[in-house]
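Taking it in order: structure first as structure tokens, then the write-up.
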There are 2 protein chains.
Amino acid sequence: MTEQQISRREQNKLETRRAIAQAALDLARTHGMGGFTAEQIADQANVSRRTFFNYFHSPEEALIVSTESFLDRAEAELAARPQNEPILDAMIAALAATTKVENLKDCGDLFRMAAGNPDLLGTHLLAWERAEARIISAVEHRLRDQASTLYVHALVGSLLSCAKAAMSEWASSETADSGNDNNDAQSLENSIVATLTMLRDGFSRPFS
Amino acid sequence: MTEQQISRREQNKLETRRAIAQAALDLARTHGMGGFTAEQIADQANVSRRTFFNYFHSPEEALIVSTESFLDRAEAELAARPQNEPILDAMIAALAATTKVENLKDCGDLFRMAAGNPDLLGTHLLAWERAEARIISAVEHRLRDQASTLYVHALVGSLLSCAKAAMSEWASSETADSGNDNNDAQSLENSIVATLTMLRDGFSRPFS
DNA sequence: GGTAAACTTGCACAGCGTGCAAAGTTGCAC
DNA sequence: GTGCAACTTTGCACGCTGTGCAAGTTTACC
């Protein structure tokens with residue numbers, strides 16, 4: 001954890017970005033998806049409509065911040081695994097660790113909201129696609145000359161599909177309990193490990 | 001192959017739809033992605049802008065027709081496999097057969113165009129997502145009580161990710177040759193079978 | 001041929017997304 | 001602390017998307 005030198009300018013921008021994302025999330029929860037405009041988000045965050053579009057390309061983009069930090073976390077955790085660890089074990093450990101991310105509940109909400117709104121779903125899928133490209137680069141670098149491009153693309157695509165499946169299942173069966181976030185995080189982790197183990201050992205083994 | 005009773009109305013609608021999709025594809029090839037509007041597509045297809053939007057929700061949607069028939073084909077081929085065949089062998093055979101689809105080259109173009117245009121990519125990903133949901137239903141029905149929901153979601157997601165990886169690789173290394181489409185189809189089929197075999201047997205086996 | 005249903009079209013309108021230039025902030029050197 | 005350079009916010013204008021609505025046109029069927 002390197003102590004970053006953050007100028008006042010950077011701080012302000014981060015704070016504005018955070019405020020906009022929070023405003024968008026609040027509006028989505030109160031008005032429902034599709035029930036608000038970029039202008040309303042901007043107003044709620046106390047910036048102009050134009051400034052909103054300086055930070056996000058679309059109203060939907062403002063909602064997927066939690067997923068992006070989840071995916072950033074996955075990438076970082078993977079990079080932190082030892083180089084000699086088998087790639088699939090490294091992936092399982094890395095994805096399991098993502099459940100420690102701060103705003104995990106927001107990710108769940110996002111999955112639920114995206115299920116009912118094509119625009120949001122498309123934006124959400126794009127975020128996963130961008131993360132996939134980054135992880136592919138990292139894995140290609142890690143396995144240089146040990147694996148074909150096709151292998152790496154298929155592997156990373158499947159990895160993220162399995163993670164998505166686990167999160168989707170977890171999100172749809174999430175309790176509305178205010179308490180025990182730990183239980184939730186643990187059950188998600190179990191699902192992720194379960195799907196990735198199938199991936200490692202082959203899907204033709206006995207079904208769980 | 002059931003002989004369909006198609007009324008004049010249905011014929012006209014199909015023809016209009018085909019004309020619009022073709023116009024969109026032509027414009028994309030000549031003007032490049034993002035270099036044309038819904039109105040231009042409509043003009044080229046000799047319909048009004050409003051009619052264009054009766055057929056497609058967005059300009060991008062008009063471009064992904066070839067991918068949708070590819071995915072429809074995958075779904076149909078899978079449904080046609082014998083019930084007692086192991087699910088992964090059925091999937092491999094079904095996806096391999098999709099390379100016989102008519103407009104395979106258009107699919108390749110689409111992959112290339114989507115790589116450079118987020119809007120088109122998002123729409124493309126949505127089409128795969130919709131197909132995923134349909135295939136999940138089919139597989140859940142086929143494996144009723146033999147597999148958990150999580151298993152089926154992870155499996156089908158991975159299946160399509162592997163197919164996507166194969167198509168993406170194939171599209172990016174496609175020759176501009178006018179001739180031998182068969183060679184192209186065969187090399188795509190080989191890639192698809194290769195990735196799905198990894199999926200069946202587990203990605204921790206020796207890399208190809 | 002006439003009628004009902006289905007399809008097309010024009011119009012209007014709300015919202016998205018961006019280029020541009022003017023106004024307001026912040027960082028830094030003196 | 002003054003002033004300048006770099007950066008950020010904002011308003012404005014503009015073209016495009018996507019949809020409801022009502023009037024016009026085509027098709028099916030009797």
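Letters for chains follow the order of the structure tokens (A, B, ...), residue numbers begin at 1 for each chain, and ligand numbers begin at 1 in the order shown.
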Legend entry - Residues near Ala166 in chain A, cut-off 6 Å, only C-alpha atoms (C1' of nucleotides), skip fewer than 3 positions along chain, as a PyMOL selection string: chain A and resi 163+169+191-192
Inset, instruction - Among the residues of chain B, find those DSSP assigns to helix (DSSP H, G or I) from the backbone and print them as a ChimeraX atom specification. - result: /B:8-31,38-44,49-55,61-63,65-79,87-100,104-115,118-142,149-172,181-201
Report the closest atom pair, with its distance in Å rounded to one decimal, for each residue of chain D that has an atom no farther than 10 Å from chain A; count only C-alpha atoms (C1' of nucleotides), sort by chain and then rising residue number, and write it as CSV.
```
residue,atom,partner,partner_atom,distance
D:DC7,C1',A:Arg9,CA,8.6
D:DT8,C1',A:Arg9,CA,8.9
D:DT9,C1',A:Thr51,CA,6.6
D:DT10,C1',A:Ser48,CA,6.7
D:DG11,C1',A:Arg50,CA,8.5
```
Legend entry - 7 Å contact set for range 126-139 of chain B, only C-alpha atoms (C1' of nucleotides), chain neighbours under 2 positions out, as number ranges by chain: A: 122; B: 68, 71, 75, 122-124, 141-143, 152-153, 156-157
Write a file of the selected residues as a tab-separated table (two decimals), in the first residue's frame, keeping C-alpha atoms.
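Once written, part-v5.tsv looks like this:
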```tsv
chain	number	residue	atom	x	y	z
A	122	GLY	CA	-24.95	-3.63	-21.61
B	68	GLU	CA	-28.03	-13.59	-33.75
B	71	LEU	CA	-26.51	-18.01	-31.83
B	75	GLU	CA	-29.35	-23.21	-29.70
B	122	GLY	CA	-22.16	-3.52	-25.87
B	123	THR	CA	-24.98	-4.45	-28.22
B	124	HIS	CA	-23.04	-7.49	-29.36
B	141	HIS	CA	-34.48	-28.59	-18.66
B	142	ARG	CA	-32.23	-31.26	-20.13
B	143	LEU	CA	-30.41	-31.88	-16.86
B	152	VAL	CA	-25.51	-24.87	-15.26
B	153	HIS	CA	-24.93	-21.11	-15.22
B	156	VAL	CA	-23.12	-22.30	-20.17
B	157	GLY	CA	-21.33	-19.03	-19.47
```
Inset, instruction - Select residues of chain A: the criterion is any atom within 12 Å of an atom of chain C, counting only C-alpha atoms (C1' of nucleotides); output as a ChimeraX atom specification. - result: /A:7-12,34,36-40,49-54,56-60
Grab the residues selected above and save them as a CSV table (one decimal), in the first residue's frame with N, CA and C atoms.
```
chain,number,residue,atom,x,y,z
A,7,SER,N,-2.7,15.6,-4.7
A,7,SER,CA,-2.9,17.0,-4.7
A,7,SER,C,-4.4,17.4,-4.4
A,8,ARG,N,-4.6,18.6,-4.0
A,8,ARG,CA,-5.9,19.1,-3.7
A,8,ARG,C,-6.8,18.9,-4.9
A,9,ARG,N,-6.3,19.2,-6.1
A,9,ARG,CA,-7.1,19.0,-7.3
A,9,ARG,C,-7.6,17.5,-7.4
A,10,GLU,N,-6.6,16.6,-7.3
A,10,GLU,CA,-7.0,15.2,-7.4
A,10,GLU,C,-8.1,14.8,-6.3
A,11,GLN,N,-7.9,15.3,-5.1
A,11,GLN,CA,-8.8,15.0,-4.1
A,11,GLN,C,-10.2,15.5,-4.5
A,12,ASN,N,-10.3,16.7,-5.0
A,12,ASN,CA,-11.6,17.2,-5.3
A,12,ASN,C,-12.2,16.4,-6.4
A,34,GLY,N,-34.1,3.6,-14.9
A,34,GLY,CA,-34.9,4.2,-16.0
A,34,GLY,C,-35.8,5.4,-15.5
A,36,PHE,N,-34.9,8.1,-13.9
A,36,PHE,CA,-34.2,9.4,-13.7
A,36,PHE,C,-33.3,9.7,-14.8
A,37,THR,N,-32.9,11.0,-14.9
A,37,THR,CA,-32.1,11.4,-16.0
A,37,THR,C,-30.7,11.9,-15.5
A,38,ALA,N,-29.8,12.1,-16.5
A,38,ALA,CA,-28.5,12.6,-16.2
A,38,ALA,C,-28.6,13.9,-15.4
A,39,GLU,N,-29.5,14.8,-15.8
A,39,GLU,CA,-29.7,16.1,-15.2
A,39,GLU,C,-30.0,15.9,-13.7
A,40,GLN,N,-30.9,15.0,-13.4
A,40,GLN,CA,-31.3,14.7,-12.0
A,40,GLN,C,-30.1,14.2,-11.1
A,49,ARG,N,-25.1,19.5,-15.4
A,49,ARG,CA,-25.3,18.4,-16.3
A,49,ARG,C,-24.0,18.1,-17.1
A,50,ARG,N,-23.4,19.3,-17.6
A,50,ARG,CA,-22.2,19.1,-18.4
A,50,ARG,C,-21.0,18.5,-17.6
A,51,THR,N,-20.9,18.8,-16.3
A,51,THR,CA,-19.9,18.2,-15.5
A,51,THR,C,-20.1,16.8,-15.3
A,52,PHE,N,-21.4,16.4,-15.1
A,52,PHE,CA,-21.7,15.0,-15.0
A,52,PHE,C,-21.0,14.2,-16.2
A,53,PHE,N,-21.2,14.8,-17.4
A,53,PHE,CA,-20.7,14.1,-18.6
A,53,PHE,C,-19.2,14.2,-18.7
A,54,ASN,N,-18.6,15.1,-17.9
A,54,ASN,CA,-17.1,15.1,-17.9
A,54,ASN,C,-16.6,13.9,-17.1
A,56,PHE,N,-18.6,10.9,-16.5
A,56,PHE,CA,-19.2,9.6,-16.9
A,56,PHE,C,-19.7,9.8,-18.3
A,57,HIS,N,-19.6,8.7,-19.1
A,57,HIS,CA,-20.1,8.8,-20.5
A,57,HIS,C,-21.6,8.7,-20.6
A,58,SER,N,-22.2,8.1,-19.6
A,58,SER,CA,-23.7,7.9,-19.6
A,58,SER,C,-24.2,7.7,-18.2
A,59,PRO,N,-25.5,7.9,-18.0
A,59,PRO,CA,-26.0,7.7,-16.6
A,59,PRO,C,-25.7,6.3,-16.1
A,60,GLU,N,-25.7,5.3,-17.0
A,60,GLU,CA,-25.5,3.9,-16.6
A,60,GLU,C,-24.0,3.8,-16.0
```
Starting from chain B, keep only residues with some atom at most 8 Å from an atom of chain A, counting only C-alpha atoms, and report them as a PDB file with C-alpha atoms, in the first residue's frame.
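Contents of selection.pdb, as written:
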```
ATOM      1  CA  LEU B  88     -20.313 -31.468 -22.906  1.00  0.00           C
ATOM      2  CA  PRO B 118     -17.927   0.356 -27.484  1.00  0.00           C
ATOM      3  CA  LEU B 121     -19.553  -4.090 -28.562  1.00  0.00           C
ATOM      4  CA  GLY B 122     -22.163  -3.523 -25.869  1.00  0.00           C
ATOM      5  CA  THR B 123     -24.979  -4.448 -28.223  1.00  0.00           C
ATOM      6  CA  LEU B 125     -22.450  -8.609 -25.789  1.00  0.00           C
ATOM      7  CA  LEU B 126     -26.149  -8.207 -25.059  1.00  0.00           C
ATOM      8  CA  GLN B 146     -29.029 -33.785 -12.165  1.00  0.00           C
ATOM      9  CA  ALA B 147     -27.245 -30.459 -11.780  1.00  0.00           C
ATOM     10  CA  SER B 148     -27.408 -27.362  -9.617  1.00  0.00           C
ATOM     11  CA  LEU B 150     -24.940 -22.712 -10.268  1.00  0.00           C
ATOM     12  CA  TYR B 151     -23.345 -25.523 -12.253  1.00  0.00           C
ATOM     13  CA  HIS B 153     -24.933 -21.112 -15.223  1.00  0.00           C
ATOM     14  CA  ALA B 154     -21.177 -21.516 -14.891  1.00  0.00           C
ATOM     15  CA  LEU B 155     -21.081 -24.172 -17.578  1.00  0.00           C
ATOM     16  CA  GLY B 157     -21.330 -19.026 -19.471  1.00  0.00           C
ATOM     17  CA  SER B 158     -17.986 -20.744 -19.941  1.00  0.00           C
ATOM     18  CA  LEU B 159     -19.229 -22.494 -23.055  1.00  0.00           C
ATOM     19  CA  SER B 161     -16.901 -17.552 -23.513  1.00  0.00           C
ATOM     20  CA  CYS B 162     -14.890 -20.295 -25.150  1.00  0.00           C
ATOM     21  CA  ALA B 163     -16.862 -19.958 -28.366  1.00  0.00           C
ATOM     22  CA  LYS B 164     -16.352 -16.205 -28.238  1.00  0.00           C
ATOM     23  CA  ALA B 165     -12.620 -16.665 -27.728  1.00  0.00           C
ATOM     24  CA  ALA B 166     -12.435 -18.980 -30.723  1.00  0.00           C
ATOM     25  CA  GLU B 169      -9.187 -15.295 -32.652  1.00  0.00           C
ATOM     26  CA  SER B 191     -10.623 -23.622 -32.675  1.00  0.00           C
ATOM     27  CA  THR B 195     -11.439 -24.534 -26.520  1.00  0.00           C
ATOM     28  CA  MET B 198     -10.256 -27.671 -22.628  1.00  0.00           C
ATOM     29  CA  LEU B 199     -13.497 -26.791 -20.913  1.00  0.00           C
ATOM     30  CA  ARG B 200     -14.641 -30.393 -20.773  1.00  0.00           C
ATOM     31  CA  ASP B 201     -11.384 -31.825 -19.478  1.00  0.00           C
ATOM     32  CA  GLY B 202     -10.252 -28.922 -17.301  1.00  0.00           C
ATOM     33  CA  PHE B 203      -7.935 -26.026 -17.983  1.00  0.00           C
ATOM     34  CA  SER B 204      -5.165 -27.358 -15.762  1.00  0.00           C
ATOM     35  CA  PHE B 207      -1.606 -26.236 -22.564  1.00  0.00           C
ATOM     36  CA  SER B 208      -2.074 -26.744 -26.242  1.00  0.00           C
TER      37      SER B 208
END
```
